[in-house]
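Engineer: One structure, pasted below without further comment.
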Amino acid sequence: MANSVPPPPPTPPPAAPFVPWRERKDGTGLIGFDPWLEPYAQRMRDRYSHYLSFKRLLDEHGGAMGEMTTGHKYFGLNRGEKDGKRGIWYREWAPGAKSLRLVGDFNGWDRGANFLQRDEWGVWSVFLPDAEYESRLVHGSRVKVHVVGADDVGLDRLPAYIRRVVQDPPGSPSFVGVYWNPPTGYEFKNGLPTRKGGLRVYEAHVGMAQEEGKVGTFKEFTANILPRIAGLHYNAIQLMAIQEHPYYGSFGYHVSNFFAVSSRFGTPEDLKELIDTAHGLGLQVIMDLVHSHAVKNINEGLNRFDGTDHQYFHGGVRGQHVAWDSLCFDYSKYEVQRFLLSNVRYWLEEFNFDGFRFDGVTSMLYLDHGLGKTFGSYDDYFTLNTDGDALAYLQLANVVAHAVKPSAVTVAEDMSGMVGMGRPVAEGGLGFDYRLAMGIPDYWIKLLKEKSDDQWSLTDIYHTLLNRRAHEKHLGYSESHDQALVGDKTLAFWLMDKEMYFSMSRFVQSVVVDRGIALHKMIRLVTFALGGEGYLNFMGNEFGHPEWIDFPREGNGWSYHHARRQWSLIDKDHLRYVGLNNFDRAMQVLDERFNLLEDPFIEQLACHEDTKQLVFRRGPLVFVFNFHPTESYVGLRVPVPDARDYRVVLNTDGPQFEGQGRVPEFAMYPKQEVGMYGRGQSVQLYLPSRTAQVLAPV
């Protein structure tokens, strides 16, 4: 019998062509930047698939520029027509309600008239023709909607999409809606500013921005504060507490009316003028946007609007934010998405804002809101504790914001370190342009609490300031409004405490103040140089504002004493606050001149723990720090990266910055062909104790 010949093995199927990670369309592109994510590839695909399900709904309704982002033009009070007749439509989504009636001064608050009709989707509407209502429902008319809810309780409510809410009477705890349709709207005069250097954000609160103990206004901020910010060479302002909130002391974070400008500060036109003026001064305007939760109030907010606890929010326990005493949105619902995405578009188009700082992102992303949690592993980002609906909503919100305004800047307030926060959605990221480097201010406060500056580890400082996700842009900061709130202390207060009340005059000698001013400048400079691709500061902190923030409340006798900023301190030449203010301006100019913040090239050149010297470069500039409390160094040799002479372009010891002026202004250091730490050249300089110098190649 002849030997049989085995058949050839089957031809293997052709291998799938390799697609580089960054080009993959399945939400795993982030792995191209971070191979440690590879074990989580399937979970990333699942996350991206969930986002696509949200996006399909958006696309089915016209995409980012379609009806799903124009809810404010459909719901609420809007001009329109019916059967060829002009008039005002009022529409409201209230699926659980049993009846709705529009009431106001236009109909004598008659709850037996102007009934709304319900459609199959739970949207109620009524048309008020001009022939009957043109002289009755006018710009400035007071309105509410009487809702009989699923619980059979009838209440006068504020329309969900209302654009103007005022305290009625003024100063009372009672709020009423206003039909806002001025005959001549504000016309913007200035185009969008061109940014110089990295994003340098001045965080501000309009109400507490004046020196007088009262609620400041948009007009006062425009006239008095914007010129100060522009004069400091910031290129963006971040406005807090813009959305209407019933309790002033909530800092604007308990929002009741998402489309209404806080009436405490003025009218919508006043805000538009502020933004327009800021643009003329070269300042972008970023809004603090609160979509992470809402106030629990029933009379002012959305809570139980249709008589259920699950209309806009999750029902039951999941809808309660125990730490903030507020309500959590159900981001899975179409009408909730339409409400919030329309809100994103509304502020960008109607008011010409340049972007948003999204508040409370950590709280949104996790079912336990990240409370008391330490995020120490990638496992923490890919568990059942992650709220996929909230994550998909944030991705969608970023897509919409950048579609509506391609130049828009979005910033995430996230302390968890969620991977991909600052990467494009197409890669599987969340789509933010920046994330706040929230660990840095916490680090500085901890250091000041626990160690004297002679015990600081420069290695630890350097690596902490650089400890951020690669390929994602961060806003670095040494302190924000969080560190200035009552119960905490600003950096200046940690450094100088009560001495700030008695010893900030140039005519008073104080070792405590000398030390505090020196370290205040050094902390801010090293944070500015290393902490991110952008920078943030809260108003007044730049000059070491001596007091904390505390809004009027029962516990302080409803006082405005700490809900203000004392600008006069930098208008008095004999006070040392002036030098700190000058130094902050010089830091901003440093980035303006050298594009420092966006330069990715950072390299340590020397670090000596024993003599407290830290030397590094960012871009073309060399930063030389001497943190030693007493030792000054004459003829100190430091390596420099380029075979060039170097000139001092910023010196913390300059007399204009309340230093001792021990180094000549714009001192020149000739290059010496003396190798050091792998460099072929070095320079020698005089570096006094507790000072820093920034050197630029000539």
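Letters A, B, ... go to the chains of the structure tokens in the order shown; residues in each chain start at 1; ligands are counted from 1 in the same order.
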Would you list, as a PyMOL selection string, the residues of stretch 317-524 of chain A that end up in alpha helix (DSSP H) under DSSP run on this structure's backbone?
Structural biologist: chain A and resi 334-350+361-365+388-404+439-450+458-465+481-484+491-496+499-502+511-524
Engineer: Can you pull out every residue from stretch 169-229 of chain A that DSSP, working from the backbone, puts in strand (DSSP E or B), and format the result as a list of chain:residue names?
Structural biologist: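 Across stretch 169-229 of chain A, those assigned strand (DSSP E or B) are A:Phe175, A:Val176, A:Gly177, A:Val178, A:Leu199, A:Arg200, A:Val201, A:Tyr202, A:Glu203, A:Ala204, A:His205.
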Engineer: Which polymer residues have any atom within 6 Å of an atom of A:Ala484, counting only C-alpha atoms, with same-chain residues fewer than 4 positions away left out, as a list in words?
Structural biologist: Lys489, Thr490, Trp548 and Ile549 of chain A
Engineer: Atoms to include: N, CA and C atoms. Write the selected residues as an mmCIF file, in the first residue's frame.
Structural biologist:
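That gives us out-v8.cif:
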data_model
loop_
_atom_site.group_PDB
_atom_site.id
_atom_site.type_symbol
_atom_site.label_atom_id
_atom_site.label_comp_id
_atom_site.auth_asym_id
_atom_site.auth_seq_id
_atom_site.Cartn_x
_atom_site.Cartn_y
_atom_site.Cartn_z
ATOM 1 N N LYS A 489 -6.696 78.508 55.000
ATOM 2 C CA LYS A 489 -5.867 79.707 54.939
ATOM 3 C C LYS A 489 -5.227 79.805 53.562
ATOM 4 N N THR A 490 -5.042 81.026 53.094
ATOM 5 C CA THR A 490 -4.281 81.239 51.874
ATOM 6 C C THR A 490 -2.801 81.009 52.163
ATOM 7 N N TRP A 548 -9.633 85.826 54.508
ATOM 8 C CA TRP A 548 -10.289 84.702 53.873
ATOM 9 C C TRP A 548 -11.618 85.141 53.254
ATOM 10 N N ILE A 549 -12.322 84.178 52.669
ATOM 11 C CA ILE A 549 -13.641 84.420 52.094
ATOM 12 C C ILE A 549 -14.689 83.814 53.011
#
Engineer: Which is closer to A:Gly420 than all the others in A:Trp324, A:Tyr669, A:Trp36, A:Phe432, using only C-alpha atoms?
Structural biologist: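 Nearest candidate to A:Gly420 out of A:Trp324, A:Tyr669, A:Trp36, A:Phe432: A:Phe432.
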Engineer: Can you build me a table of stretch 151-231 of chain A residues sitting at most 10 Å from stretch 80-100 of chain A, with the closest atom pair per residue and its distance in Å to one decimal, using only C-alpha atoms, sorted by chain and residue number, as JSON lines?
Structural biologist:
{"residue": "A:Asp151", "atom": "CA", "partner": "A:Ala97", "partner_atom": "CA", "distance": 8.3}
{"residue": "A:Asp152", "atom": "CA", "partner": "A:Lys98", "partner_atom": "CA", "distance": 7.6}
{"residue": "A:Val153", "atom": "CA", "partner": "A:Lys98", "partner_atom": "CA", "distance": 9.6}
{"residue": "A:Gly154", "atom": "CA", "partner": "A:Ser99", "partner_atom": "CA", "distance": 8.9}
{"residue": "A:Leu155", "atom": "CA", "partner": "A:Leu100", "partner_atom": "CA", "distance": 9.8}
{"residue": "A:Asp156", "atom": "CA", "partner": "A:Leu100", "partner_atom": "CA", "distance": 9.6}
{"residue": "A:Arg157", "atom": "CA", "partner": "A:Leu100", "partner_atom": "CA", "distance": 9.9}
{"residue": "A:Pro159", "atom": "CA", "partner": "A:Glu92", "partner_atom": "CA", "distance": 7.2}
{"residue": "A:Ala160", "atom": "CA", "partner": "A:Glu92", "partner_atom": "CA", "distance": 7.3}
{"residue": "A:Tyr161", "atom": "CA", "partner": "A:Glu92", "partner_atom": "CA", "distance": 8.2}
Engineer: How about saving the chosen residues, N, CA, C and O atoms kept, as a compact mmCIF listing (two decimals), in the first residue's frame?
Structural biologist:
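So out-v8.txt came out as:
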# COMPACT_ATOMS: atom_id res chain seq x y z
N ASP A 151 -48.20 64.04 42.38
CA ASP A 151 -48.56 63.86 43.79
C ASP A 151 -49.80 64.65 44.17
O ASP A 151 -50.12 64.76 45.35
N ASP A 152 -50.48 65.24 43.15
CA ASP A 152 -51.70 66.03 43.34
C ASP A 152 -51.48 67.33 44.09
O ASP A 152 -52.44 67.99 44.49
N VAL A 153 -50.23 67.72 44.26
CA VAL A 153 -49.91 69.00 44.92
C VAL A 153 -49.79 70.07 43.86
O VAL A 153 -49.09 69.90 42.85
N GLY A 154 -50.49 71.19 44.03
CA GLY A 154 -50.40 72.31 43.10
C GLY A 154 -49.48 73.39 43.64
O GLY A 154 -49.67 73.88 44.76
N LEU A 155 -48.47 73.76 42.84
CA LEU A 155 -47.49 74.76 43.27
C LEU A 155 -47.17 75.70 42.12
O LEU A 155 -47.16 75.31 40.95
N ASP A 156 -46.88 76.96 42.45
CA ASP A 156 -46.36 77.90 41.47
C ASP A 156 -44.86 77.66 41.34
O ASP A 156 -44.12 77.75 42.33
N ARG A 157 -44.42 77.34 40.13
CA ARG A 157 -43.02 77.01 39.89
C ARG A 157 -42.40 77.99 38.91
O ARG A 157 -43.09 78.67 38.13
N PRO A 159 -40.43 78.40 35.49
CA PRO A 159 -40.20 77.58 34.29
C PRO A 159 -38.76 77.09 34.21
O PRO A 159 -37.82 77.82 34.56
N ALA A 160 -38.58 75.84 33.76
CA ALA A 160 -37.26 75.22 33.78
C ALA A 160 -36.26 75.99 32.92
O ALA A 160 -35.08 76.08 33.26
N TYR A 161 -36.70 76.52 31.79
CA TYR A 161 -35.80 77.21 30.86
C TYR A 161 -35.86 78.73 31.01
O TYR A 161 -35.41 79.45 30.13
Engineer: Name all residues at most 6 Å from A:Ala390 (count only C-alpha atoms; drop same-chain ones fewer than 5 positions away) and give them as a ChimeraX atom specification.
Structural biologist: /A:331,364-365
Engineer: Once you count only C-alpha atoms, what closest atom pair and distance in Å to one decimal does each residue of stretch 119-169 of chain A within 6 Å of stretch 174-184 of chain A have, with rows by chain and rising residue number, as a Markdown table?
Structural biologist:
| residue | atom | partner | partner_atom | distance |
| --- | --- | --- | --- | --- |
| A:His139 | CA | A:Asn181 | CA | 5.0 |
| A:Gly140 | CA | A:Tyr179 | CA | 5.4 |
| A:Ser141 | CA | A:Tyr179 | CA | 5.4 |
| A:Arg142 | CA | A:Val178 | CA | 4.7 |
| A:Val143 | CA | A:Gly177 | CA | 5.1 |
| A:Lys144 | CA | A:Gly177 | CA | 5.9 |
| A:Leu158 | CA | A:Gly177 | CA | 5.8 |
| A:Arg164 | CA | A:Val178 | CA | 5.1 |
| A:Val165 | CA | A:Gly177 | CA | 4.5 |
| A:Val166 | CA | A:Phe175 | CA | 5.4 |
| A:Gln167 | CA | A:Phe175 | CA | 4.4 |
| A:Asp168 | CA | A:Phe175 | CA | 5.5 |
Engineer: Neighbouring residues of stretch 205-221 of chain A were defined as those with any atom within 7 Å, considering only C-alpha atoms; residues of the same chain fewer than 2 positions away were excluded. Please report them as a ChimeraX atom specification.
Structural biologist: /A:223-226,239-241,265-266,270-271,274,560-561,563-567
Engineer: Write out as an MDAnalysis selection string the residues lying within 7 Å of A:Glu603, counting only C-alpha atoms and excluding same-chain residues fewer than 2 positions away.
Structural biologist: chainID A and resid 601 605 616:618
Engineer: Kindly give the distance, in Å, that separates atom CA of A:Pro129 and atom CA of A:Asn114, rounded to a single decimal.
Structural biologist: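 A separation of 11.7 Å between them.
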